[in-house]
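To start, the structure itself, in structure tokens.
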Amino acid sequence: MEFKVKVYRFNPEFDDKPYYKDYVLEDFPGMTVLNALISIKSEIDGTLSFRRSCRSAICGSCAMKINGISKLACKTQVGPEIEKFGIIKIDPLSNMPIIRDLVVEQEGFFDKIKEIQPYLMGKSNVGEHADDFHALKEGEKITQPVFFKSEFRNLTGNNDTPNCILCECCYSECGGVTGNKDYLGPAALAKLYRYSEDPRDNDKNGTRLVNGSKPNRMWDCVHCQACEEFCPKGISPVKSIVKLHEKAIKNSINFSNGAKHIISIAKSIGETGGLDEIKVALDTGGITGLISDLPMAFGAGLKGKIPPIRLKLIKDMEDIRLAYKILDLEEK
Amino acid sequence: MITYAYYPGCVAQESGKELDNTTKFIAKKLDINLIPMPEASCCGGGVIDGFDENLKLFINGRTLALAEKKGLDIMTVCNTCTLTLSEVNEELINNAESLEKTNAYLAQIGLKYSGKVKVKHLLYAIRDDVGFDNLKQKAVRSLRGVRIAPFYGCHILRPSSIVKFDDVENPRGLEELIKVLEGEPVSYVRRTKCCGFQTILVNEAASTSLAGNAIFEAQEKEADVMVTPCPLCHLSLDTYQTVAAKNINKKLSLPIIHLPQLIGVALGGDYAEMGFSRHNISLRSVMAKIRQNEI
Ligand code: SF4
Ligand code: SF4
Ligand code: FES
């Protein structure tokens with residue numbers, strides 16, 4: 001079968017602006033998109049640039065957008081793509097500057113990975129070396145111990161984050177990064193969670209969680225679920241991010257608006273069974289938040305959209321109170 | 001007649017009342033019997049597991065058990081409610097330990113869950129249970145000539161291991177619906193992207209730029225109106241549209257309509273009763289376009 005490959009082309013040395021170039025190829029059973037690109041480069045057009053190495057979905061080099069979605073070219077077969085879209089349209093990854101054709105600038109992505117300190121910190125705080133421990137000085141400190149650590153061994157059984165091949169598919173699809181170029185993004189935050197759970201790590205002052213709670217980090221996730229959906233290695237960074245949220249709140253690391261937001265929602269449900277939009281907005285941003293939202297509040301107010309100040313309780317509200325009691329969440 | 005336990009979610013009962021009212025209106029027209037759930041709580045707005053994972057299980061397990069007791073499936077009109085209830089449902093069906101601890105709580109309030117309930121969003125309830133043909137037969141107004149940009153939002157599509165209604169790479173549900181109502185679906189890239197709602201109170205500039213750029217793209221493609229199946233997307237897209245325009249420094253003025261309002265128009269609904277005056281961005285231009293078909 002003949003099929004068409006439409007490839008994004010841009011060489012800033014010669015081209016004023018990007019354009020698409022079409023190539024026609026003959027497929028073979030099991031042909032991958034990477035096979036197609038390699039045959040274009042070796043037989044039709046040697047000027048086409050793209051990254052690749054292992055050809056077996058393990059090095060993470062060949063990520064690109066195939067028919068609009070970030071995928072590994074070596075893991076994506078031509079057949080099903082043609083069946084669904086009738087064409088193979090290839091673009092460079094999103095959320096990253098383009099160097100040339102399908103090659104993107106990865107430095108920003110890797111800087112963010114470095115930012116979460118992807119290595120074990122300090123020495124063991126158990127046994128005879130306990131006194132050797134020096135906590136990291138940077139960041140604010142908390143007095144509460146970071147718990148959950150002992151659970152790491154149970155977690156590692158299904159903990160997927162160490163399988164990350166740093167391919168950037170999640171980063172390219174991430175709504176949080178699209179809206180905010182400084183947001184750390186899914187892969188880095190999944191790693192942050194993985195290190196914060198590692199029982200060998202000696203971050204006993206919770207530096208990781210405190211730093212991770214600063215702006216542009218764990219609370220800037222928009223929960224779009226794209227990272228889980230499109231990770232070629234079956235990792236769910238967003239699940240790790242939610243666990244980071246839970247862990248931060250359980251350790252009273254509540255200074256971020258994101259934490260305040262969730263606590264306020266939980267409080268509202270615990271009190272009324274429903275979500276009090278106005279109270280949540282107030283609790284989250286404080287007065288400044290409400291003032292900055294005045295145009296919105298005003299617009300909504302004119303249309304009678306401001307929700308009532310006090311919600312009425314749902315029926316059988318005591319059921320919900322009991323859930324909070326059983327889970328020991330009443331004080332939070 | 002099809003019967004569901006109806007779970008409108010919080011926004012449709014508070015700031016987005018027009019969504020709830022219009023859903024009830026179209027349900028009547030389409031012979032869908034909606035049984036109210038006054039005991040149901042908030043699902044947790046898609047973030048409650050960041051507070052306590054078990055709380056998410058318990059309160060949503062309770063909602064599922066309430067529907068099971070009535071012997072009914074749940075119908076939702078909010079993407080995030082749909083995903084949250086579906087996630088908990090999958091967890092309780094597939095993880096015996098989670099089911100056991102949830103049932104231990106439910107036993108204390110006289111309930112039990114065994115995994116029989118299905119969670120369906122209005123869009124796919126109409127596609128799969130009512131049938132688009134049936135809807136077409138009942139339509140009395142045509143949306144001919146109206147260019148409608150479908151905005152899916154995230155949680156009705158992703159993760160597709162949990163919400164399995166449509167093709168996550170190339171969803172068709174909204175486009176098919178628009179065509180059934182004789183409207184013209186507008187094709188644009190951001191139709192499956194995020195509206196940014198979850199961080200609107202955390203980082204407003206970043207959050208609203210997502211909605212803003214989607215609106216801008218649809219405008220460039222000459223959309224007359226954008227339709228969304230999610231009230232949270234609606235807040236980002238409509239209520240915050242003026243803020244978004246300022247943040248991305250572009251001129252935005254695109255009416256945003258709730259899914260049941262679009263269907264309601266076709267079924268002959270009264271614009272005022274469907275809350276067409278409750279939106280931030282006026283729907284007058286859309287109504288005028290539709291009226292042209294009636295002359
Ligand atoms: S989490 Fe998945 S998608 Fe993201 S970089 Fe790692 S392997 Fe790639
Ligand atoms: S869920 Fe969060 S981290 Fe994952 S892609 Fe969306 S915004 Fe990014
Ligand atoms: S070439 Fe290594 S992952 Fe595709």
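Ordering of the structure tokens sets the chain letters (A, B, ...); residue numbers start at 1 within each chain; ligands are numbered from 1 in the order shown.
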Please give me, as a PyMOL selection string, the residues lying within 7 Å of ligand 2 when counting only C-alpha atoms and all ligand atoms.
chain A and resi 170-171+173-177+185-186+221-228+237-238
Could you report the residues within 9 Å of ligand 3, using only C-alpha atoms and all ligand atoms, as number ranges by chain?
A: 34, 51-63, 72-75, 165, 167
Set out as a Markdown table a contact list for chain A and ligand 1 with a cut-off of 6 Å, giving each residue of chain A that qualifies its closest atom pair and distance in Å to one decimal, counting only C-alpha atoms and all ligand atoms, ordered by chain and rising residue number.
```
| residue | atom | partner | partner_atom_place_in_ligand_line | distance |
| --- | --- | --- | --- | --- |
| A:Cys164 | CA | ligand 1 | 6 (Fe) | 3.7 |
| A:Ile165 | CA | ligand 1 | 7 (S) | 4.4 |
| A:Leu166 | CA | ligand 1 | 5 (S) | 3.6 |
| A:Cys167 | CA | ligand 1 | 8 (Fe) | 3.9 |
| A:Glu168 | CA | ligand 1 | 5 (S) | 4.2 |
| A:Cys169 | CA | ligand 1 | 3 (S) | 4.3 |
| A:Cys170 | CA | ligand 1 | 3 (S) | 4.1 |
| A:Ala187 | CA | ligand 1 | 1 (S) | 4.6 |
| A:Cys231 | CA | ligand 1 | 3 (S) | 3.6 |
| A:Pro232 | CA | ligand 1 | 2 (Fe) | 5.8 |
| A:Lys233 | CA | ligand 1 | 7 (S) | 5.2 |
| A:Ile235 | CA | ligand 1 | 2 (Fe) | 5.4 |
```
Residues of chain A within 7 Å of chain B, counting only C-alpha atoms, what are they? List them as an MDAnalysis selection string.
chainID A and resid 175 179:180 220 222:226 228:229 242:243 245:246 249 257:258 262:263 266 269 273:275 281 284:285 296 299:300 303 305:307 314:316 319:320 323
Output file for the residues above (C-alpha atoms, as a PDB file, in the first residue's frame):
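Generated file (part_7.pdb):
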```pdb
ATOM      1  CA  GLY A 175      -1.570  21.506  29.613  1.00  0.00           C
ATOM      2  CA  GLY A 179      -0.107  27.603  29.980  1.00  0.00           C
ATOM      3  CA  ASN A 180       3.065  28.256  31.955  1.00  0.00           C
ATOM      4  CA  ASP A 220       0.441  24.169  38.876  1.00  0.00           C
ATOM      5  CA  VAL A 222      -4.098  21.444  35.627  1.00  0.00           C
ATOM      6  CA  HIS A 223      -5.089  17.764  35.951  1.00  0.00           C
ATOM      7  CA  CYS A 224      -5.592  17.423  32.205  1.00  0.00           C
ATOM      8  CA  GLN A 225      -4.556  13.732  32.396  1.00  0.00           C
ATOM      9  CA  ALA A 226      -2.584  14.040  29.157  1.00  0.00           C
ATOM     10  CA  GLU A 228      -1.033   9.521  31.896  1.00  0.00           C
ATOM     11  CA  GLU A 229      -2.842   9.131  28.604  1.00  0.00           C
ATOM     12  CA  VAL A 242      -1.772  13.867  43.370  1.00  0.00           C
ATOM     13  CA  LYS A 243       0.182  11.746  45.862  1.00  0.00           C
ATOM     14  CA  HIS A 245      -0.407  16.875  47.055  1.00  0.00           C
ATOM     15  CA  GLU A 246      -1.751  14.460  49.626  1.00  0.00           C
ATOM     16  CA  ILE A 249      -1.140  18.450  53.018  1.00  0.00           C
ATOM     17  CA  ASN A 257      -2.662  28.488  47.125  1.00  0.00           C
ATOM     18  CA  GLY A 258      -3.047  25.035  45.602  1.00  0.00           C
ATOM     19  CA  ILE A 262      -7.949  21.614  48.162  1.00  0.00           C
ATOM     20  CA  ILE A 263      -8.248  22.023  51.925  1.00  0.00           C
ATOM     21  CA  ALA A 266     -12.515  19.302  51.599  1.00  0.00           C
ATOM     22  CA  ILE A 269     -17.758  19.074  51.624  1.00  0.00           C
ATOM     23  CA  GLY A 273     -21.714  17.945  51.457  1.00  0.00           C
ATOM     24  CA  GLY A 274     -21.359  20.342  48.541  1.00  0.00           C
ATOM     25  CA  LEU A 275     -18.819  22.697  47.080  1.00  0.00           C
ATOM     26  CA  ALA A 281     -12.315  31.219  46.027  1.00  0.00           C
ATOM     27  CA  THR A 284      -7.645  30.007  48.121  1.00  0.00           C
ATOM     28  CA  GLY A 285      -6.592  33.463  47.085  1.00  0.00           C
ATOM     29  CA  MET A 296     -15.318  38.008  36.867  1.00  0.00           C
ATOM     30  CA  GLY A 299     -19.808  39.921  35.374  1.00  0.00           C
ATOM     31  CA  ALA A 300     -21.191  36.820  37.031  1.00  0.00           C
ATOM     32  CA  LYS A 303     -26.222  37.699  35.468  1.00  0.00           C
ATOM     33  CA  LYS A 305     -24.644  33.807  38.781  1.00  0.00           C
ATOM     34  CA  ILE A 306     -23.089  34.425  42.170  1.00  0.00           C
ATOM     35  CA  PRO A 307     -23.891  31.291  44.123  1.00  0.00           C
ATOM     36  CA  ILE A 314     -27.356  17.683  51.402  1.00  0.00           C
ATOM     37  CA  LYS A 315     -29.801  15.093  52.672  1.00  0.00           C
ATOM     38  CA  ASP A 316     -28.279  12.647  55.193  1.00  0.00           C
ATOM     39  CA  ASP A 319     -23.198  10.123  56.447  1.00  0.00           C
ATOM     40  CA  ILE A 320     -20.506  12.457  55.139  1.00  0.00           C
ATOM     41  CA  ALA A 323     -16.656   9.478  56.642  1.00  0.00           C
TER      42      ALA A 323
END
```
Can you work out the spacing between atom CA of B:His121 and atom CA of B:Met75 in Å, to one decimal?
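Those two atoms sit 5.6 Å apart.
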Using DSSP on the backbone coordinates, identify all residues within stretch 8-92 of chain A classified as strand (DSSP E); present the result as a ChimeraX atom specification.
/A:8-9,19-26,63-66,69-72,88-91
Store the residues picked out above, limited to C-alpha atoms, as a PDB file, in the first residue's frame.
```pdb
ATOM      1  CA  TYR A   8       7.074  19.586   9.258  1.00  0.00           C
ATOM      2  CA  ARG A   9      10.202  21.191   7.816  1.00  0.00           C
ATOM      3  CA  TYR A  19       6.402  24.445   5.825  1.00  0.00           C
ATOM      4  CA  TYR A  20       5.206  20.871   5.243  1.00  0.00           C
ATOM      5  CA  LYS A  21       6.758  18.520   2.753  1.00  0.00           C
ATOM      6  CA  ASP A  22       4.986  15.424   1.424  1.00  0.00           C
ATOM      7  CA  TYR A  23       6.630  12.087   0.721  1.00  0.00           C
ATOM      8  CA  VAL A  24       5.014   8.997  -0.730  1.00  0.00           C
ATOM      9  CA  LEU A  25       6.151   5.603   0.517  1.00  0.00           C
ATOM     10  CA  GLU A  26       5.258   1.940   0.176  1.00  0.00           C
ATOM     11  CA  ALA A  63       9.392  11.321  20.330  1.00  0.00           C
ATOM     12  CA  MET A  64       7.466  13.512  17.881  1.00  0.00           C
ATOM     13  CA  LYS A  65       3.884  14.405  17.118  1.00  0.00           C
ATOM     14  CA  ILE A  66       2.268  11.825  14.903  1.00  0.00           C
ATOM     15  CA  ILE A  69      -0.270  13.333  19.307  1.00  0.00           C
ATOM     16  CA  SER A  70       3.142  12.954  20.918  1.00  0.00           C
ATOM     17  CA  LYS A  71       4.368   9.411  20.383  1.00  0.00           C
ATOM     18  CA  LEU A  72       7.561   7.421  19.933  1.00  0.00           C
ATOM     19  CA  ILE A  88       1.057  10.215   8.584  1.00  0.00           C
ATOM     20  CA  LYS A  89       1.374  13.864   9.576  1.00  0.00           C
ATOM     21  CA  ILE A  90       4.496  14.549  11.584  1.00  0.00           C
ATOM     22  CA  ASP A  91       5.327  17.592  13.694  1.00  0.00           C
TER      23      ASP A  91
END
```
Which neighbours of stretch 215-229 of chain B fall inside 7 Å, counting only C-alpha atoms, when residues of the same chain fewer than 6 positions from it are skipped, and could you give them as a list of chain:residue names?
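Near stretch 215-229 of chain B, the qualifying residues are B:Val77, B:Cys78, B:Asn79, B:Val146, B:Arg147, B:Ile148, B:Ala149, B:Pro150, B:Phe151, B:Tyr152, B:Val186, B:Tyr188, B:Leu252, B:Leu254, B:Pro255, B:Ile256, B:Ile257, B:His258, B:Leu259, B:Val286.
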If you count only C-alpha atoms, the residue of A:Leu120, A:Ser172, A:Gly79, A:Asp276 closest to A:Gln106 turns out to be A:Ser172
Residues near B:Asn21, anyone? I mean within 9 Å using only C-alpha atoms, not counting same-chain ones fewer than 2 positions away, as number ranges by chain.
B: 12, 17-19, 23-26, 273-275
Got time to write the residues from that selection, all heavy atoms, as a compact mmCIF listing (two decimals), in the first residue's frame?
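After the write, again.txt holds the following:
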```
# COMPACT_ATOMS: atom_id res chain seq x y z
N ALA B 12 -23.62 22.81 38.54
CA ALA B 12 -24.92 22.87 37.89
C ALA B 12 -26.04 23.19 38.88
O ALA B 12 -27.15 23.53 38.49
CB ALA B 12 -25.22 21.55 37.18
N LYS B 17 -26.78 27.04 37.23
CA LYS B 17 -28.14 26.46 37.32
C LYS B 17 -28.78 26.22 35.96
O LYS B 17 -29.59 25.31 35.80
CB LYS B 17 -29.05 27.41 38.11
CG LYS B 17 -28.91 27.28 39.61
CD LYS B 17 -30.18 27.76 40.31
CE LYS B 17 -30.10 27.54 41.80
NZ LYS B 17 -29.15 28.46 42.45
N GLU B 18 -28.42 27.06 34.98
CA GLU B 18 -29.02 26.91 33.65
C GLU B 18 -28.72 25.52 33.08
O GLU B 18 -29.52 24.97 32.32
CB GLU B 18 -28.54 28.02 32.70
CG GLU B 18 -27.07 27.99 32.28
CD GLU B 18 -26.12 28.65 33.31
OE1 GLU B 18 -26.58 28.97 34.42
OE2 GLU B 18 -24.93 28.82 32.98
N LEU B 19 -27.60 24.96 33.47
CA LEU B 19 -27.24 23.62 32.99
C LEU B 19 -28.21 22.57 33.53
O LEU B 19 -28.71 21.72 32.80
CB LEU B 19 -25.79 23.29 33.41
CG LEU B 19 -25.30 21.87 33.18
CD1 LEU B 19 -25.40 21.45 31.73
CD2 LEU B 19 -23.85 21.73 33.64
N THR B 23 -30.98 20.55 31.33
CA THR B 23 -30.86 19.09 31.28
C THR B 23 -32.22 18.46 31.57
O THR B 23 -32.66 17.53 30.89
CB THR B 23 -29.82 18.60 32.30
OG1 THR B 23 -28.58 19.21 32.01
CG2 THR B 23 -29.67 17.09 32.25
N LYS B 24 -32.90 19.00 32.59
CA LYS B 24 -34.23 18.46 32.93
C LYS B 24 -35.21 18.67 31.78
O LYS B 24 -36.03 17.79 31.49
CB LYS B 24 -34.74 19.12 34.21
CG LYS B 24 -34.00 18.62 35.44
CD LYS B 24 -34.44 19.37 36.68
CE LYS B 24 -33.67 18.91 37.90
NZ LYS B 24 -33.61 19.96 38.93
N PHE B 25 -35.09 19.82 31.12
CA PHE B 25 -35.99 20.10 30.00
C PHE B 25 -35.78 19.10 28.85
O PHE B 25 -36.73 18.49 28.36
CB PHE B 25 -35.77 21.55 29.51
CG PHE B 25 -36.39 21.82 28.17
CD1 PHE B 25 -37.77 21.97 28.04
CD2 PHE B 25 -35.59 21.90 27.02
CE1 PHE B 25 -38.34 22.21 26.79
CE2 PHE B 25 -36.16 22.14 25.78
CZ PHE B 25 -37.54 22.29 25.66
N ILE B 26 -34.52 18.89 28.47
CA ILE B 26 -34.31 17.99 27.32
C ILE B 26 -34.60 16.54 27.71
O ILE B 26 -35.03 15.74 26.88
CB ILE B 26 -32.90 18.12 26.68
CG1 ILE B 26 -31.80 17.64 27.60
CG2 ILE B 26 -32.64 19.55 26.19
CD1 ILE B 26 -30.50 17.39 26.87
N GLU B 273 -35.97 30.42 29.35
CA GLU B 273 -36.03 29.30 30.30
C GLU B 273 -34.75 28.48 30.30
O GLU B 273 -34.39 27.87 31.30
CB GLU B 273 -37.23 28.41 29.98
CG GLU B 273 -38.50 28.89 30.65
CD GLU B 273 -39.74 28.22 30.09
OE1 GLU B 273 -39.65 27.04 29.65
OE2 GLU B 273 -40.81 28.87 30.08
N MET B 274 -34.06 28.46 29.17
CA MET B 274 -32.81 27.71 29.12
C MET B 274 -31.63 28.54 29.64
O MET B 274 -30.48 28.12 29.54
CB MET B 274 -32.53 27.23 27.70
CG MET B 274 -33.51 26.16 27.25
SD MET B 274 -33.01 25.36 25.71
CE MET B 274 -33.11 26.70 24.55
N GLY B 275 -31.92 29.71 30.18
CA GLY B 275 -30.88 30.52 30.82
C GLY B 275 -29.92 31.18 29.84
O GLY B 275 -28.76 31.41 30.16
```
Kindly give the distance, in Å, that separates atom CA of A:His261 and atom CA of A:Ile116, rounded to a single decimal.
23.6 Å
List the neighbours of B:Ala5 out to 12 Å using only C-alpha atoms; skip same-chain residues closer than 5 positions along the sequence, and give me the result as a CSV table (one decimal) with N, CA and C atoms, in the first residue's frame.
```csv
chain,number,residue,atom,x,y,z
B,32,ILE,N,-36.4,10.7,28.9
B,32,ILE,CA,-35.4,10.2,29.9
B,32,ILE,C,-36.0,10.6,31.2
B,33,ASN,N,-36.0,9.6,32.1
B,33,ASN,CA,-36.6,9.8,33.4
B,33,ASN,C,-35.4,10.0,34.4
B,34,LEU,N,-35.3,11.2,34.9
B,34,LEU,CA,-34.2,11.5,35.8
B,34,LEU,C,-34.6,11.4,37.3
B,35,ILE,N,-34.1,10.5,38.0
B,35,ILE,CA,-34.4,10.3,39.4
B,35,ILE,C,-33.4,11.2,40.3
B,36,PRO,N,-33.9,12.1,41.0
B,36,PRO,CA,-32.9,13.0,41.8
B,36,PRO,C,-32.2,12.2,42.9
B,37,MET,N,-31.0,12.7,43.2
B,37,MET,CA,-30.3,12.1,44.3
B,37,MET,C,-30.0,13.2,45.4
B,38,PRO,N,-31.0,13.6,46.2
B,38,PRO,CA,-30.7,14.7,47.1
B,38,PRO,C,-29.7,14.3,48.2
B,39,GLU,N,-29.4,13.0,48.3
B,39,GLU,CA,-28.4,12.6,49.4
B,39,GLU,C,-27.0,12.7,48.8
B,40,ALA,N,-26.8,12.8,47.5
B,40,ALA,CA,-25.5,12.7,47.0
B,40,ALA,C,-24.6,13.9,47.3
B,63,THR,N,-22.1,7.6,46.8
B,63,THR,CA,-22.9,8.0,45.7
B,63,THR,C,-23.3,6.8,44.8
B,64,LEU,N,-22.3,6.0,44.5
B,64,LEU,CA,-22.5,4.8,43.6
B,64,LEU,C,-23.5,3.9,44.3
B,65,ALA,N,-23.3,3.7,45.6
B,65,ALA,CA,-24.1,2.8,46.4
B,65,ALA,C,-25.6,3.3,46.4
B,66,LEU,N,-25.7,4.6,46.5
B,66,LEU,CA,-27.1,5.2,46.5
B,66,LEU,C,-27.8,4.8,45.2
B,67,ALA,N,-27.1,4.9,44.1
B,67,ALA,CA,-27.6,4.6,42.8
B,67,ALA,C,-27.9,3.1,42.7
B,68,GLU,N,-27.0,2.3,43.2
B,68,GLU,CA,-27.2,0.8,43.1
B,68,GLU,C,-28.4,0.4,43.9
B,69,LYS,N,-28.7,1.1,45.0
B,69,LYS,CA,-29.8,0.8,45.8
B,69,LYS,C,-31.1,1.1,45.0
B,70,LYS,N,-31.1,2.1,44.2
B,70,LYS,CA,-32.2,2.4,43.3
B,70,LYS,C,-32.3,1.5,42.1
B,71,GLY,N,-31.2,0.7,41.9
B,71,GLY,CA,-31.1,-0.2,40.7
B,71,GLY,C,-30.9,0.6,39.5
B,72,LEU,N,-30.2,1.7,39.5
B,72,LEU,CA,-30.1,2.6,38.4
B,72,LEU,C,-28.6,2.9,38.0
B,73,ASP,N,-28.4,3.2,36.8
B,73,ASP,CA,-27.1,3.8,36.4
B,73,ASP,C,-27.1,5.3,36.6
B,74,ILE,N,-26.0,5.9,36.7
B,74,ILE,CA,-25.9,7.3,37.0
B,74,ILE,C,-25.7,8.1,35.7
B,75,MET,N,-26.4,9.2,35.6
B,75,MET,CA,-26.1,10.1,34.5
B,75,MET,C,-25.6,11.5,35.0
B,76,THR,N,-24.5,11.9,34.4
B,76,THR,CA,-23.8,13.1,34.8
B,76,THR,C,-23.9,14.2,33.7
B,77,VAL,N,-23.6,15.4,34.1
B,77,VAL,CA,-23.5,16.5,33.1
B,77,VAL,C,-22.2,17.3,33.3
B,117,VAL,N,-23.2,-0.4,39.1
B,117,VAL,CA,-23.6,0.9,38.5
B,117,VAL,C,-22.7,1.3,37.3
B,118,LYS,N,-23.3,1.8,36.3
B,118,LYS,CA,-22.5,2.4,35.2
B,118,LYS,C,-22.6,4.0,35.3
B,119,VAL,N,-21.5,4.7,35.0
B,119,VAL,CA,-21.6,6.1,35.0
B,119,VAL,C,-21.5,6.6,33.6
B,120,LYS,N,-22.6,7.4,33.2
B,120,LYS,CA,-22.6,7.9,31.8
B,120,LYS,C,-22.8,9.4,31.8
B,121,HIS,N,-22.0,10.0,30.9
B,121,HIS,CA,-22.3,11.5,30.7
B,121,HIS,C,-23.4,11.6,29.7
B,122,LEU,N,-24.2,12.7,29.9
B,122,LEU,CA,-25.3,13.0,29.1
B,122,LEU,C,-25.1,12.8,27.6
```
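Closest approach to B:Glu87 among B:Asp128, B:Val163, B:Met1, B:Thr22 is made by B:Val163 (distances from only C-alpha atoms).
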